[in-house]
Structure formats: C-alpha cells, structure tokens
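Trainee: Sharing structure16.cif below, mmCIF, C-alpha atoms and all ligand atoms:
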data_protein
#
loop_
_atom_site.label_atom_id
_atom_site.label_comp_id
_atom_site.auth_asym_id
_atom_site.auth_seq_id
_atom_site.Cartn_x
_atom_site.Cartn_y
_atom_site.Cartn_z
CA MET A 1 73.32 104.23 93.46
CA GLU A 2 76.46 106.22 92.75
CA PHE A 3 79.88 104.57 92.70
CA VAL A 4 83.35 105.80 93.63
CA LYS A 5 86.35 104.73 91.57
CA LEU A 6 89.40 104.00 93.70
CA SER A 7 92.99 104.79 92.71
CA ASP A 8 93.62 101.08 91.99
CA GLY A 9 90.77 101.04 89.45
CA ASN A 10 88.26 99.15 91.62
CA LYS A 11 84.92 100.79 92.41
CA LEU A 12 82.46 100.66 95.27
CA PRO A 13 79.02 102.09 96.09
CA ILE A 14 79.12 105.49 97.78
CA VAL A 15 76.67 104.35 100.50
CA GLY A 16 77.40 101.21 102.48
CA PHE A 17 76.02 99.26 105.40
CA GLY A 18 78.05 99.05 108.65
CA THR A 19 77.86 96.24 111.17
CA TYR A 20 79.67 97.61 114.23
CA GLN A 21 78.05 96.45 117.49
CA LEU A 22 75.97 93.81 115.69
CA THR A 23 77.30 90.94 117.79
CA ASP A 24 74.08 88.96 118.07
CA LYS A 25 73.92 86.40 115.27
CA GLU A 26 70.23 86.73 114.42
CA VAL A 27 70.17 90.53 114.73
CA CYS A 28 73.26 90.88 112.54
CA LYS A 29 72.09 88.43 109.88
CA LYS A 30 68.66 90.03 109.67
CA ALA A 31 70.10 93.55 109.41
CA VAL A 32 72.54 92.56 106.65
CA LEU A 33 69.85 90.61 104.77
CA ASP A 34 67.44 93.55 105.07
CA ALA A 35 70.14 95.93 103.84
CA LEU A 36 70.91 93.69 100.84
CA LYS A 37 67.20 93.44 100.03
CA VAL A 38 66.86 97.23 100.15
CA GLY A 39 69.77 97.51 97.68
CA TYR A 40 72.96 98.11 99.70
CA ARG A 41 75.90 96.39 98.05
CA LEU A 42 78.75 97.54 100.31
CA ILE A 43 78.99 95.73 103.65
CA ASP A 44 81.53 96.80 106.28
CA THR A 45 82.74 94.48 109.03
CA ALA A 46 85.98 93.89 110.99
CA GLU A 47 87.64 91.04 112.81
CA SER A 48 87.13 93.02 116.02
CA TYR A 49 83.35 93.24 115.46
CA ALA A 50 83.13 89.47 116.06
CA ASN A 51 80.44 89.09 113.40
CA GLU A 52 82.24 88.13 110.18
CA GLU A 53 80.60 84.66 110.26
CA PHE A 54 77.12 86.22 110.44
CA VAL A 55 77.89 88.69 107.65
CA GLY A 56 79.14 85.84 105.45
CA GLU A 57 76.03 83.75 106.14
CA ALA A 58 73.74 86.67 105.29
CA ILE A 59 75.59 87.26 102.02
CA ARG A 60 75.22 83.61 101.02
CA GLU A 61 71.56 83.47 102.08
CA SER A 62 70.77 86.62 100.08
CA GLY A 63 71.38 84.71 96.86
CA ILE A 64 72.98 87.83 95.35
CA PRO A 65 75.99 86.97 93.16
CA ARG A 66 79.24 87.43 95.10
CA GLU A 67 80.71 89.80 92.50
CA GLU A 68 77.81 92.24 93.03
CA ILE A 69 78.66 92.71 96.73
CA PHE A 70 81.64 94.71 98.01
CA VAL A 71 82.89 93.35 101.35
CA THR A 72 85.24 95.25 103.65
CA THR A 73 86.93 93.83 106.72
CA LYS A 74 89.81 95.01 108.92
CA VAL A 75 92.80 93.80 110.90
CA PHE A 76 92.98 95.04 114.50
CA ILE A 77 96.10 96.00 116.51
CA TYR A 78 96.31 92.60 118.22
CA ASN A 79 97.04 91.11 114.79
CA ALA A 80 99.41 93.83 113.58
CA GLY A 81 102.69 92.67 112.01
CA TYR A 82 103.60 90.60 108.95
CA GLU A 83 103.06 87.06 110.27
CA LYS A 84 100.01 87.83 112.41
CA CYS A 85 98.31 89.82 109.67
CA LYS A 86 98.92 87.08 107.09
CA LYS A 87 97.05 84.68 109.40
CA ALA A 88 94.38 87.29 110.20
CA ILE A 89 93.57 87.62 106.48
CA ASP A 90 93.14 83.86 106.13
CA ASP A 91 91.07 83.72 109.34
CA SER A 92 88.76 86.51 108.11
CA LEU A 93 88.33 84.73 104.76
CA LYS A 94 87.42 81.54 106.63
CA ARG A 95 84.98 83.27 108.97
CA LEU A 96 83.35 85.15 106.09
CA GLY A 97 83.30 81.98 103.97
CA LEU A 98 84.59 83.97 100.99
CA ASP A 99 87.37 83.42 98.43
CA TYR A 100 88.41 87.06 98.45
CA ILE A 101 87.90 90.30 100.39
CA ASP A 102 87.10 93.39 98.32
CA LEU A 103 88.76 95.84 100.70
CA TYR A 104 91.03 95.05 103.63
CA LEU A 105 91.86 97.84 106.07
CA ILE A 106 94.37 98.40 108.85
CA HIS A 107 91.83 99.28 111.53
CA GLN A 108 94.03 101.49 113.71
CA PRO A 109 97.40 103.17 113.05
CA PHE A 110 99.16 101.42 115.94
CA GLY A 111 101.39 98.38 116.40
CA ASP A 112 103.52 97.06 113.53
CA TYR A 113 101.20 98.21 110.77
CA TYR A 114 104.05 98.42 108.24
CA GLY A 115 104.40 94.66 108.72
CA SER A 116 100.65 94.28 108.22
CA TYR A 117 100.87 96.35 105.05
CA ARG A 118 103.49 93.98 103.60
CA ALA A 119 101.24 91.00 104.35
CA MET A 120 98.35 92.81 102.69
CA LEU A 121 100.37 93.57 99.54
CA GLU A 122 101.29 89.89 99.34
CA ALA A 123 97.67 88.80 99.86
CA LYS A 124 96.63 91.20 97.11
CA LYS A 125 99.08 89.57 94.70
CA GLU A 126 97.63 86.17 95.67
CA GLY A 127 94.11 87.40 94.90
CA LYS A 128 92.88 87.17 98.51
CA ILE A 129 92.35 90.95 98.71
CA LYS A 130 91.25 93.24 95.87
CA SER A 131 91.99 96.62 97.46
CA ILE A 132 94.11 97.82 100.36
CA GLY A 133 93.29 100.64 102.72
CA VAL A 134 93.60 102.05 106.21
CA SER A 135 91.34 103.43 108.89
CA ASN A 136 91.73 106.09 111.55
CA PHE A 137 95.02 107.30 110.05
CA ARG A 138 95.49 110.94 111.00
CA PRO A 139 97.34 113.08 108.41
CA ASP A 140 100.81 112.55 109.92
CA ARG A 141 100.63 108.75 109.77
CA LEU A 142 98.80 108.72 106.43
CA VAL A 143 101.34 110.94 104.70
CA ASP A 144 104.21 108.89 106.14
CA LEU A 145 102.64 105.63 104.91
CA CYS A 146 101.87 107.06 101.47
CA MET A 147 105.40 108.44 101.08
CA ASN A 148 106.88 105.04 101.88
CA GLN A 149 104.68 102.79 99.74
CA GLU A 150 104.51 102.50 95.99
CA ASP A 151 101.15 100.78 96.27
CA LYS A 152 99.32 103.40 98.32
CA PRO A 153 96.21 102.77 100.43
CA VAL A 154 93.11 103.50 98.36
CA ILE A 155 90.82 104.40 101.26
CA ASN A 156 91.09 105.93 104.71
CA GLN A 157 88.00 105.19 106.80
CA ILE A 158 87.69 107.89 109.46
CA GLU A 159 85.04 109.52 111.62
CA ILE A 160 83.20 112.20 109.63
CA ASN A 161 79.92 113.73 110.78
CA PRO A 162 78.48 117.25 111.10
CA PHE A 163 80.30 117.78 114.42
CA ASP A 164 83.64 116.52 113.09
CA GLN A 165 83.72 117.42 109.41
CA ASN A 166 87.40 116.85 108.61
CA TYR A 167 87.62 118.99 105.47
CA LYS A 168 91.37 119.44 105.97
CA GLU A 169 92.00 115.69 106.42
CA GLU A 170 89.90 115.06 103.33
CA SER A 171 92.05 117.38 101.22
CA ILE A 172 95.27 115.69 102.41
CA MET A 173 93.80 112.28 101.52
CA ARG A 174 92.81 113.48 98.06
CA GLU A 175 96.34 114.82 97.49
CA TYR A 176 97.56 111.19 97.76
CA GLY A 177 94.67 109.63 95.84
CA VAL A 178 93.19 108.18 99.04
CA ALA A 179 89.38 108.11 99.05
CA PRO A 180 87.76 109.24 102.31
CA GLU A 181 85.16 106.92 103.83
CA ALA A 182 83.04 108.12 106.75
CA TRP A 183 82.29 106.10 109.86
CA ALA A 184 79.72 107.22 112.45
CA PRO A 185 78.04 109.72 110.10
CA PHE A 186 75.41 110.23 112.82
CA ALA A 187 78.04 110.45 115.58
CA GLU A 188 76.15 107.40 116.93
CA GLY A 189 73.39 109.79 118.02
CA LYS A 190 75.64 111.92 120.25
CA ASN A 191 74.76 115.57 121.01
CA ASP A 192 71.13 114.84 120.20
CA ILE A 193 72.12 114.93 116.51
CA PHE A 194 68.77 113.58 115.26
CA HIS A 195 67.05 116.66 116.76
CA ASN A 196 69.67 119.21 115.71
CA GLU A 197 67.83 122.43 114.80
CA VAL A 198 69.92 123.38 111.76
CA LEU A 199 69.74 119.89 110.25
CA SER A 200 66.00 119.54 111.02
CA GLU A 201 65.24 122.89 109.35
CA ILE A 202 67.20 121.91 106.25
CA GLY A 203 65.47 118.52 106.20
CA LYS A 204 62.00 120.14 106.26
CA LYS A 205 62.77 122.01 103.02
CA TYR A 206 63.49 118.79 101.14
CA GLY A 207 60.99 116.54 102.96
CA LYS A 208 63.91 114.54 104.41
CA SER A 209 64.96 113.47 107.91
CA VAL A 210 68.10 114.69 109.70
CA ALA A 211 69.71 111.36 108.79
CA GLY A 212 68.90 111.92 105.10
CA VAL A 213 70.39 115.42 105.19
CA ILE A 214 73.63 114.17 106.78
CA LEU A 215 74.07 111.33 104.30
CA ARG A 216 73.29 113.59 101.36
CA TRP A 217 75.81 116.16 102.64
CA LEU A 218 78.52 113.46 102.70
CA VAL A 219 77.62 112.07 99.28
CA GLN A 220 77.71 115.59 97.80
CA ARG A 221 81.24 115.91 99.20
CA GLY A 222 82.06 112.72 97.29
CA ILE A 223 82.64 110.83 100.53
CA ILE A 224 81.83 107.12 100.81
CA VAL A 225 79.61 106.66 103.86
CA LEU A 226 78.70 103.73 106.10
CA THR A 227 75.42 103.68 107.96
CA LYS A 228 74.19 101.11 110.43
CA SER A 229 70.67 100.41 111.59
CA THR A 230 68.73 97.37 112.74
CA ASN A 231 65.42 98.97 111.87
CA ILE A 232 64.11 98.25 108.36
CA GLU A 233 62.46 101.68 107.99
CA ARG A 234 65.70 103.45 108.91
CA ILE A 235 67.72 101.10 106.68
CA LYS A 236 65.46 102.23 103.79
CA GLU A 237 65.55 105.90 104.84
CA ASN A 238 69.36 105.88 104.86
CA PHE A 239 69.44 104.48 101.33
CA ASN A 240 66.87 106.84 99.92
CA ILE A 241 69.08 109.89 99.44
CA PHE A 242 69.56 110.04 95.67
CA ASP A 243 66.37 111.90 94.81
CA PHE A 244 67.34 115.36 96.12
CA GLU A 245 70.27 117.76 96.21
CA LEU A 246 71.29 120.15 98.98
CA SER A 247 71.85 123.72 97.86
CA LYS A 248 75.25 125.40 98.22
CA GLU A 249 73.78 127.57 101.00
CA ASP A 250 72.64 124.51 102.94
CA MET A 251 76.03 122.83 102.50
CA GLU A 252 77.57 126.03 103.95
CA LYS A 253 75.10 126.11 106.88
CA ILE A 254 76.10 122.56 107.84
CA LYS A 255 79.75 123.70 107.92
CA GLU A 256 78.89 125.88 110.91
CA LEU A 257 78.16 122.79 113.03
CA ASP A 258 81.79 121.64 112.90
CA THR A 259 83.49 121.49 116.31
CA GLY A 260 86.78 120.40 114.74
CA SER A 261 87.18 117.48 117.10
CA SER A 262 86.19 113.84 117.40
CA GLN A 263 82.98 112.84 119.16
CA PHE A 264 84.73 109.66 120.32
CA PHE A 265 88.49 109.80 120.80
CA ASN A 266 91.66 111.62 119.94
CA HIS A 267 94.28 109.46 118.24
CA TYR A 268 97.04 111.79 119.44
CA ASP A 269 96.12 111.24 123.12
CA PRO A 270 98.38 108.65 124.84
CA ASP A 271 95.38 107.38 126.84
CA THR A 272 93.54 106.58 123.59
CA VAL A 273 96.62 104.75 122.29
CA LYS A 274 96.78 102.73 125.53
CA MET A 275 93.06 101.98 125.45
CA LEU A 276 93.14 100.77 121.82
CA ASN A 277 96.28 98.68 122.38
CA ASN A 278 94.56 97.02 125.32
CA LEU A 279 91.56 95.83 123.31
CA HIS A 280 91.60 92.11 122.63
CA ARG A 281 89.33 89.78 120.73
CA ASN A 282 86.83 88.04 123.06
N1 LIG B 1 86.84 102.11 111.36
C1 LIG B 1 86.36 102.41 112.53
O1 LIG B 1 87.13 102.63 113.50
C2 LIG B 1 84.90 102.49 112.74
C3 LIG B 1 84.37 103.01 113.94
C4 LIG B 1 82.98 103.07 114.07
C5 LIG B 1 82.16 102.65 113.04
N2 LIG B 1 82.69 102.11 111.90
C6 LIG B 1 81.82 101.62 110.79
O2 LIG B 1 80.88 102.65 110.43
C7 LIG B 1 79.55 102.16 110.58
C8 LIG B 1 78.60 103.30 110.98
O3 LIG B 1 79.00 103.86 112.22
P1 LIG B 1 78.26 103.58 113.61
O4 LIG B 1 77.39 102.39 113.46
O5 LIG B 1 79.30 103.54 114.67
O6 LIG B 1 77.45 104.90 113.90
P2 LIG B 1 76.34 105.81 113.19
O7 LIG B 1 76.06 105.30 111.83
O8 LIG B 1 76.76 107.21 113.37
O9 LIG B 1 75.08 105.61 114.12
C9 LIG B 1 74.42 104.40 114.26
C10 LIG B 1 73.22 104.65 115.18
O10 LIG B 1 72.29 105.53 114.56
C11 LIG B 1 70.99 104.97 114.60
N3 LIG B 1 70.34 105.26 113.30
C12 LIG B 1 70.69 104.77 112.09
N4 LIG B 1 69.94 105.31 111.11
C13 LIG B 1 69.08 106.16 111.73
C14 LIG B 1 68.04 107.02 111.26
N5 LIG B 1 67.76 107.09 109.95
N6 LIG B 1 67.35 107.76 112.17
C15 LIG B 1 67.63 107.67 113.48
N7 LIG B 1 68.59 106.87 113.99
C16 LIG B 1 69.33 106.13 113.12
C17 LIG B 1 71.18 103.49 114.79
O11 LIG B 1 70.16 102.96 115.62
P3 LIG B 1 69.17 101.78 115.09
O12 LIG B 1 70.04 100.59 114.77
O13 LIG B 1 68.26 101.57 116.24
O14 LIG B 1 68.49 102.34 113.88
C18 LIG B 1 72.53 103.39 115.51
O15 LIG B 1 72.34 103.35 116.89
C19 LIG B 1 79.71 101.06 111.63
O16 LIG B 1 78.60 100.19 111.69
C20 LIG B 1 81.00 100.41 111.19
O17 LIG B 1 80.79 99.54 110.10
C21 LIG B 1 84.05 102.04 111.74
#
How would this structure read if it were set down as structure tokens?
Ligand SMILES: NC(=O)c1ccc[n+]([C@@H]2O[C@H](COP(=O)([O-])OP(=O)(O)OC[C@H]3O[C@@H](n4cnc5c(N)ncnc54)[C@H](OP(=O)(O)O)[C@@H]3O)[C@@H](O)[C@H]2O)c1
Mentor:
Amino acid sequence: MEFVKLSDGNKLPIVGFGTYQLTDKEVCKKAVLDALKVGYRLIDTAESYANEEFVGEAIRESGIPREEIFVTTKVFIYNAGYEKCKKAIDDSLKRLGLDYIDLYLIHQPFGDYYGSYRAMLEAKKEGKIKSIGVSNFRPDRLVDLCMNQEDKPVINQIEINPFDQNYKEESIMREYGVAPEAWAPFAEGKNDIFHNEVLSEIGKKYGKSVAGVILRWLVQRGIIVLTKSTNIERIKENFNIFDFELSKEDMEKIKELDTGSSQFFNHYDPDTVKMLNNLHRN
C-alpha cells in the first residue's frame, strides 16, 4: 500500500473503502470486515450515511489495532454551524464508539460551514479529530476558505472519475496544500463505465479489469481514492492495483474520456443547492 502525507503531517493510505449506501447493518458490517481482512486501512463514512454504528462495530470486531485504521466521517448541512457541529462531532464519536476521528470533513459547502470549521478546529485541539478537511468544495469556495483560515483543510473529497477528471480543480487544491480525494471513481457504474471500450482495451494489455485501470489511473495521479463494493471478489480486485503501472500513452488516452462535468450534480445549480439543503437525517 502507498500512503499520502497530508499538509498537517498525518498520513493515510492512498486507497480506501467507502460505505455510502451501506445502510443495512449486516451488509455494512460484512463489507467493512471483508475490506479490513483484504488489507484496506482507510474507511470512509458520514453521519448522513446512517451507518457509523456498523462501521464502528466492524472495526472493533476486526481486532486490528485502532491506530492502524484511518477513519473518516463527515458533518452534513443539517448540522452546519458552530454549536450544531460541536454536537455532531461528539455524536459521531459515540456512534462510531471511537475516542478520536482521523479525518473529519464538511460534507457539503452549504449552510454555516465557517461555524462548523471553528468547531472542528476546537475539536482538533481537544484531540477528538486528527485532521480537518472538506468535501465537494468547488474552487471558488475552497480558495475562499483557504484564504481565510490559518489551519487549512488538508483534504477535499470530490467526484473524480474518467468522465469527470477535474485536473484543473486538482491543481488549485495542490496550490493550497489540499490533497484531492476521489469519490465515485466508477461514477457508480453510470454510462456503462465497466464496459467502456477505451478502458477495456487498456485493461487487456495489463491483464486488469476496467475498475483496476481506473483506480491505477487515480493512484498514478497521486489522488487518494475511495471504492465501495459488497462483493468480496471486487473488494480484492479494487485493492490489487499496486503490481502494474499505466504507460504515459495510456494515461493520455484516458484523458480523452473527460466530459468536464459531474455525473451526478452541479454545485453551482440552485436546484442542487435546494435539494442538498432539503436532505435530513432519517
Ligand atoms: N463526499 C461525498 O459527497 C461522496 C459522494 C459519494 C461517495 N462518497 C464516498 O466514496 C465512496 C465510493 O463512491 P460510490 O460508492 O458512490 O461509487 P463508486 O465507487 O463509483 O461505485 C460503486 C459501485 O461500483 C460497483 N463496483 C465496485 N467495484 C467494482 C468492480 N471492481 N467491478 C464492477 N463493479 C464494481 C459497486 O457494486 P457492488 O457493491 O455490487 O460491487 C457499486 O455499486 C462511497 O462509498 C463514499 O464513501 C462520497
């Protein structure tokens, strides 16, 4: 496994396991336990995924020492603001059954996230959080936040996949020492990605699947990537990407698949802002 060193000195594995949509207790626990057995040591959850309890149970049941596992969770818009975020951090710690969170992210750049950021800085001083980051911050909001904080976010978790490659956003993040982390590397299967001709052809050359090619492409860009699967074979396949290297030509070929836009939503669209603000915890 390769590791990425963050601007605050902490480090995390470059490939992690995501738990979005794993709302069933047994399914979630099994997937996280399988991932830990395979060797994943970065687990990504969020208060809005409603599975922090299951993730925490799986971590304890794995028997792996706490300090060997890197746990990320996130505060959603409904808990934005200083007071609400302070409580959200304590609630996440309780649900996870942990003494500290390795990385705490502002899930969406809406609501009083400056207030949340203050609560996060305080929690970091108290040892409840080791690293602070954001998610889904487009360049305008990210630059504004970075220019107004001494203690800058160390990660921005955004959508990055072959159809939405975000090279420009990546370079802006790097300018501020913010490490990019990719969500939905497979675009959740959209556009028949697993049968994409270009990616399949490249995969054949290296004896790898489309999924392997995509993950390798991200790792070669130095991007931390989260993958999610409930299938043990695919969990293994997604981890087994350190025994080959894509050529420069193949990296360039993948560039041609970029559509320059999200496969999910546009954070600049008022309807997206309304939709996200209307989401509430069940
Ligand atoms: N910050 C955010 O706003 C945000 C948003 C979305 C996601 N995330 C994080 O990023 C993680 C990954 O994103 P995601 O789960 O949305 O999407 P994704 O990783 O792009 O796609 C997941 C889908 O791909 C399938 N899959 C996984 N490995 C495969 C393989 N090797 N071959 C074929 N199919 C495969 C899975 O099905 P099976 O389970 O059946 O294998 C699953 O349906 C999430 O779990 C979450 O932790 C964050």
Trainee: Could I get the residue neighbourhood of ligand LIG 1 (chain B) at 8 Å, counting all atoms listed in the file, as a ChimeraX atom specification?
Mentor: /A:17-22,43-46,107-108,135-136,157-159,161,182-189,194,209-212,225-231,233-235,237-238
Trainee: Given the choices A:Thr23, A:Val55, A:Arg141, A:Gly81, which gets closest to His267 (chain A) if the distance is worked out from only C-alpha atoms?
Mentor: A:Arg141
Trainee: Check the smallest atom-to-atom distance from each of A:Val32, A:Leu12, A:Ile223, A:Val38 to Arg174 (chain A) using all atoms listed in the file, then report the winner.
Mentor: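 Among the listed residues, A:Ile223 lies closest to Arg174 (chain A).
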Trainee: Which neighbours of region 95-97 of chain A fall inside 8 Å, counting all atoms listed in the file, when residues of the same chain fewer than 5 positions from it are skipped, and could you give them as a count of residues only?
Mentor: 6
Trainee: Mind pulling up the distance from CA of Leu218 (chain A) to CA of Leu257 (chain A)?
Mentor: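 So the two atoms, CA of Leu257 (chain A) and CA of Leu218 (chain A), lie 13.9 Å apart.
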Trainee: Take CA of Lys128 (chain A) and CA of Asp102 (chain A) and report the distance between them in Å, one decimal.
Mentor: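 Separation between CA of Lys128 (chain A) and CA of Asp102 (chain A): 8.5 Å.
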Trainee: So what do you get for CA of Gly133 (chain A) versus CA of Asn266 (chain A), distance-wise?
Mentor: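 Distance reported for this atom pair: 20.5 Å.
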Trainee: Which of these, A:Ala31, A:Thr73, A:Asn79, A:Asn166, has the shortest distance to Ala58 (chain A) once you count only C-alpha atoms?
Mentor: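 Under the stated criterion, the closest residue is A:Ala31.
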Trainee: Counting only C-alpha atoms, which residues have an atom no more than 9 Å from (91.1, 95.4, 103.4) in the file's coordinates? Please list them as a ChimeraX atom specification.
Mentor: /A:71-75,89,101-106,120,129-134
Trainee: Those same residues, written as an mmCIF file, in the frame of the given file with C-alpha atoms?
Mentor:
data_model
loop_
_atom_site.group_PDB
_atom_site.id
_atom_site.type_symbol
_atom_site.label_atom_id
_atom_site.label_comp_id
_atom_site.auth_asym_id
_atom_site.auth_seq_id
_atom_site.Cartn_x
_atom_site.Cartn_y
_atom_site.Cartn_z
ATOM 1 C CA VAL A 71 82.890 93.350 101.350
ATOM 2 C CA THR A 72 85.240 95.250 103.650
ATOM 3 C CA THR A 73 86.930 93.830 106.720
ATOM 4 C CA LYS A 74 89.810 95.010 108.920
ATOM 5 C CA VAL A 75 92.800 93.800 110.900
ATOM 6 C CA ILE A 89 93.570 87.620 106.480
ATOM 7 C CA ILE A 101 87.900 90.300 100.390
ATOM 8 C CA ASP A 102 87.100 93.390 98.320
ATOM 9 C CA LEU A 103 88.760 95.840 100.700
ATOM 10 C CA TYR A 104 91.030 95.050 103.630
ATOM 11 C CA LEU A 105 91.860 97.840 106.070
ATOM 12 C CA ILE A 106 94.370 98.400 108.850
ATOM 13 C CA MET A 120 98.350 92.810 102.690
ATOM 14 C CA ILE A 129 92.350 90.950 98.710
ATOM 15 C CA LYS A 130 91.250 93.240 95.870
ATOM 16 C CA SER A 131 91.990 96.620 97.460
ATOM 17 C CA ILE A 132 94.110 97.820 100.360
ATOM 18 C CA GLY A 133 93.290 100.640 102.720
ATOM 19 C CA VAL A 134 93.600 102.050 106.210
#
Trainee: From the list A:Asp144, A:Asp99, A:Glu170, A:Glu83, which residue is nearest Ser116 (chain A) when using all atoms listed in the file?
Mentor: A:Glu83
Trainee: Identify, on the basis of only C-alpha atoms, every residue whose closest approach to Ile155 (chain A) does not exceed 6 Å; exclude the query and any residue fewer than 2 positions from it along the same chain; express the result as a ChimeraX atom specification.
Mentor: /A:133,153,178-180
Trainee: Skipping near chain neighbours, those fewer than 5 positions away, what residues fall within 12 Å of Asn278 (chain A) using only C-alpha atoms, listed as a ChimeraX atom specification?
Mentor: /A:76-78,110-111,271-273
Trainee: Write out as a PyMOL selection string each polymer residue whose atoms come within 12 Å of Arg216 (chain A), counting only C-alpha atoms; drop sequence neighbours fewer than 2 positions from it.
Mentor: chain A and resi 2+14-15+161-162+185+199+202-203+206+208-214+218-225+237-247+250-251+254
Trainee: Could you give me the centre and size, in Å to one decimal, of an axis-aligned box around all listed atoms of region 18-22 of chain A with 6 Å added on every side, as JSON?
Mentor:
{"center_x": 77.8, "center_y": 96.4, "center_z": 113.1, "size_x": 15.7, "size_y": 17.2, "size_z": 20.8}
Trainee: Under the rule that only C-alpha atoms are counted, which of A:Tyr268, A:Asp90, A:Pro109, A:Lys168 is the nearest residue to Glu126 (chain A)?
Mentor: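 Closest to Glu126 (chain A), using only C-alpha atoms: A:Asp90.
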Trainee: Could you model N, CA and C atoms for region 149-174 of chain A and present them as a PDB file, keeping the file's coordinate frame?
Mentor:
ATOM      1  N   GLN A 149     105.258 103.937 100.438  1.00  0.00           N
ATOM      2  CA  GLN A 149     104.680 102.790  99.740  1.00  0.00           C
ATOM      3  C   GLN A 149     104.426 103.148  98.288  1.00  0.00           C
ATOM      4  N   GLU A 150     104.846 102.267  97.383  1.00  0.00           N
ATOM      5  CA  GLU A 150     104.510 102.500  95.990  1.00  0.00           C
ATOM      6  C   GLU A 150     103.023 102.260  95.764  1.00  0.00           C
ATOM      7  N   ASP A 151     102.548 101.153  96.379  1.00  0.00           N
ATOM      8  CA  ASP A 151     101.150 100.780  96.270  1.00  0.00           C
ATOM      9  C   ASP A 151     100.429 101.439  97.447  1.00  0.00           C
ATOM     10  N   LYS A 152      99.874 102.613  97.213  1.00  0.00           N
ATOM     11  CA  LYS A 152      99.320 103.400  98.320  1.00  0.00           C
ATOM     12  C   LYS A 152      97.953 102.885  98.756  1.00  0.00           C
ATOM     13  N   PRO A 153      97.566 103.158 100.015  1.00  0.00           N
ATOM     14  CA  PRO A 153      96.210 102.770 100.430  1.00  0.00           C
ATOM     15  C   PRO A 153      95.194 103.523  99.575  1.00  0.00           C
ATOM     16  N   VAL A 154      94.090 102.852  99.247  1.00  0.00           N
ATOM     17  CA  VAL A 154      93.110 103.500  98.360  1.00  0.00           C
ATOM     18  C   VAL A 154      92.001 104.195  99.138  1.00  0.00           C
ATOM     19  N   ILE A 155      91.886 103.823 100.417  1.00  0.00           N
ATOM     20  CA  ILE A 155      90.820 104.400 101.260  1.00  0.00           C
ATOM     21  C   ILE A 155      91.366 104.675 102.643  1.00  0.00           C
ATOM     22  N   ASN A 156      90.871 105.738 103.272  1.00  0.00           N
ATOM     23  CA  ASN A 156      91.090 105.930 104.710  1.00  0.00           C
ATOM     24  C   ASN A 156      89.715 106.110 105.334  1.00  0.00           C
ATOM     25  N   GLN A 157      89.324 105.141 106.157  1.00  0.00           N
ATOM     26  CA  GLN A 157      88.000 105.190 106.800  1.00  0.00           C
ATOM     27  C   GLN A 157      88.156 105.919 108.141  1.00  0.00           C
ATOM     28  N   ILE A 158      87.546 107.098 108.232  1.00  0.00           N
ATOM     29  CA  ILE A 158      87.690 107.890 109.460  1.00  0.00           C
ATOM     30  C   ILE A 158      86.312 108.414 109.907  1.00  0.00           C
ATOM     31  N   GLU A 159      86.272 108.903 111.128  1.00  0.00           N
ATOM     32  CA  GLU A 159      85.040 109.520 111.620  1.00  0.00           C
ATOM     33  C   GLU A 159      84.785 110.815 110.822  1.00  0.00           C
ATOM     34  N   ILE A 160      83.611 110.920 110.224  1.00  0.00           N
ATOM     35  CA  ILE A 160      83.200 112.200 109.630  1.00  0.00           C
ATOM     36  C   ILE A 160      81.707 112.353 109.886  1.00  0.00           C
ATOM     37  N   ASN A 161      81.335 113.419 110.533  1.00  0.00           N
ATOM     38  CA  ASN A 161      79.920 113.730 110.780  1.00  0.00           C
ATOM     39  C   ASN A 161      79.812 115.251 110.948  1.00  0.00           C
ATOM     40  N   PRO A 162      78.602 115.788 111.064  1.00  0.00           N
ATOM     41  CA  PRO A 162      78.480 117.250 111.100  1.00  0.00           C
ATOM     42  C   PRO A 162      79.254 117.923 112.242  1.00  0.00           C
ATOM     43  N   PHE A 163      79.550 117.180 113.303  1.00  0.00           N
ATOM     44  CA  PHE A 163      80.300 117.780 114.420  1.00  0.00           C
ATOM     45  C   PHE A 163      81.809 117.621 114.260  1.00  0.00           C
ATOM     46  N   ASP A 164      82.215 116.751 113.346  1.00  0.00           N
ATOM     47  CA  ASP A 164      83.640 116.520 113.090  1.00  0.00           C
ATOM     48  C   ASP A 164      83.802 116.332 111.582  1.00  0.00           C
ATOM     49  N   GLN A 165      83.897 117.447 110.866  1.00  0.00           N
ATOM     50  CA  GLN A 165      83.720 117.420 109.410  1.00  0.00           C
ATOM     51  C   GLN A 165      84.964 117.055 108.616  1.00  0.00           C
ATOM     52  N   ASN A 166      86.138 117.298 109.214  1.00  0.00           N
ATOM     53  CA  ASN A 166      87.400 116.850 108.610  1.00  0.00           C
ATOM     54  C   ASN A 166      87.654 117.272 107.166  1.00  0.00           C
ATOM     55  N   TYR A 167      87.342 118.506 106.828  1.00  0.00           N
ATOM     56  CA  TYR A 167      87.620 118.990 105.470  1.00  0.00           C
ATOM     57  C   TYR A 167      89.124 118.977 105.175  1.00  0.00           C
ATOM     58  N   LYS A 168      89.929 119.360 106.204  1.00  0.00           N
ATOM     59  CA  LYS A 168      91.370 119.440 105.970  1.00  0.00           C
ATOM     60  C   LYS A 168      91.954 118.025 105.752  1.00  0.00           C
ATOM     61  N   GLU A 169      91.514 117.079 106.587  1.00  0.00           N
ATOM     62  CA  GLU A 169      92.000 115.690 106.420  1.00  0.00           C
ATOM     63  C   GLU A 169      91.593 115.157 105.057  1.00  0.00           C
ATOM     64  N   GLU A 170      90.377 115.522 104.648  1.00  0.00           N
ATOM     65  CA  GLU A 170      89.900 115.060 103.330  1.00  0.00           C
ATOM     66  C   GLU A 170      90.839 115.560 102.229  1.00  0.00           C
ATOM     67  N   SER A 171      91.233 116.849 102.309  1.00  0.00           N
ATOM     68  CA  SER A 171      92.050 117.380 101.220  1.00  0.00           C
ATOM     69  C   SER A 171      93.437 116.728 101.209  1.00  0.00           C
ATOM     70  N   ILE A 172      93.961 116.375 102.374  1.00  0.00           N
ATOM     71  CA  ILE A 172      95.270 115.690 102.410  1.00  0.00           C
ATOM     72  C   ILE A 172      95.128 114.295 101.786  1.00  0.00           C
ATOM     73  N   MET A 173      94.018 113.615 102.119  1.00  0.00           N
ATOM     74  CA  MET A 173      93.800 112.280 101.520  1.00  0.00           C
ATOM     75  C   MET A 173      93.745 112.376 100.004  1.00  0.00           C
ATOM     76  N   ARG A 174      93.002 113.369  99.509  1.00  0.00           N
ATOM     77  CA  ARG A 174      92.810 113.480  98.060  1.00  0.00           C
ATOM     78  C   ARG A 174      94.137 113.769  97.352  1.00  0.00           C
TER      79      ARG A 174
END
